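First comes the structure, then the notes that go with it.
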Amino acid sequence: MRERGIMLKTAFIVDSTAGINEQLKAHPDVYEVSLTVQFADGEIFNDTTDEASVVAFYQKLKQESTLPKTAQPSPGEYYQLVEQLVDKGYDSVIAIHLSGQLSGTYQTASMILQEYQAKLKTACINSKGTSVVIENMLEQALQFYEHERLSFEQIVSQLEWLATESHIYMMIEDLNNLVKGGRLSATNAFLGGLLQIKPLLEFTETGEVALFEKIRTEKRVYRRWAELIQAALDKYPKGIHVRFGHGNALEAAKKAQQMMQELFPQVLSFGIGYLTPVVGVHGGNGVQGIAIIPAADGIE
């Protein structure tokens, strides 16, 4: 990353809902802050992609009559991290966080980073999504930083574009989770189960989660996902990345990915990741999600 011909040493911060892979976690310039989930009985789950912890969370979620509460990282934790970055000699920081409509993490991070502008060049990106979208945004940002040598402002601009143009669609398997969250009546959940209706939710342009379509049967959901991938391929000439997230439904996600890989070999990359507990609170057991993320422009 350059500024007036000088390379800036830049740190990248994400939150735990990104579920970043081990390679990204090991990157020397990548840092993570963690959210938590607390159930009514007081039990707390750290937001993680650790398989044993995630499975235990989803099993407990299925048994509970009320949804657990999520908690953002404490301001103190964020201040401590930024102080560490200053001490390590970083010149700039770019943070990418889950939708500001779902958590106060983005707002808190923005406020804290602004306080450090005398010591660091900072930017905080509202991903308007979560999970695999943030992970891919981070991957693209590192590509711009390490290989294409974009300026700070250019990288921030690309990330803001990605936040607007990336899309997430989630197929809800357990309608009871929507009942617990007050978004669906028990009667409608019962009828929906009988009719095999699969509510398809999306992250809107403002980062809110809303009903996209009601589709009957999983097979038709996959067909709709294929249509959405084709539309994105037609729209973005530089190509797209496709990611699948799941709430303890790995085999189903693998099946969906294999299907889309066969249909769309021209897609730049595919991947699968667990939806961490904080995201799972909203999606419930068995949720499957697809993220369609365009390749940003970079520099030719």
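Residue numbering restarts at 1 for every chain of the structure tokens, chains are lettered A, B, ... in their displayed order, and ligands are numbered from 1 as they appear.
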Exercise. Skipping near chain neighbours, those fewer than 3 positions away, what residues fall within 10 Å of Leu35 (chain A) using only C-alpha atoms, listed as a ChimeraX atom specification?
Worked result: /A:15-17,32,45-48,70-74,103,105,276-278
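Proximity of A:Ile240, A:Val279, A:Ile292, A:Leu201 to Thr49 (chain A), computed with only C-alpha atoms, is greatest for A:Val279.
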Per residue of region 27-140 of chain A within 7 Å of region 150-164 of chain A, which atom pair is closest and at what distance in Å (one decimal), using only C-alpha atoms, listed by chain and increasing number, as CSV?
```
residue,atom,partner,partner_atom,distance
A:Ile125,CA,A:Glu160,CA,6.6
A:Ser127,CA,A:Ala163,CA,4.7
A:Lys128,CA,A:Ala163,CA,5.9
A:Met137,CA,A:Leu159,CA,6.7
```
Computed gap from CA of Leu233 (chain A) to CA of Thr130 (chain A) is 21.7 Å
As a check of understanding: the span from CA of Gln23 (chain A) to CA of Val55 (chain A) is 22.4 Å
- request: Check region 4-159 of chain A with DSSP on the backbone and list each residue it calls alpha helix (DSSP H), as a PyMOL selection string.
  value: chain A and resi 22-25+51-63+75-87+105-115+132-146+152-159
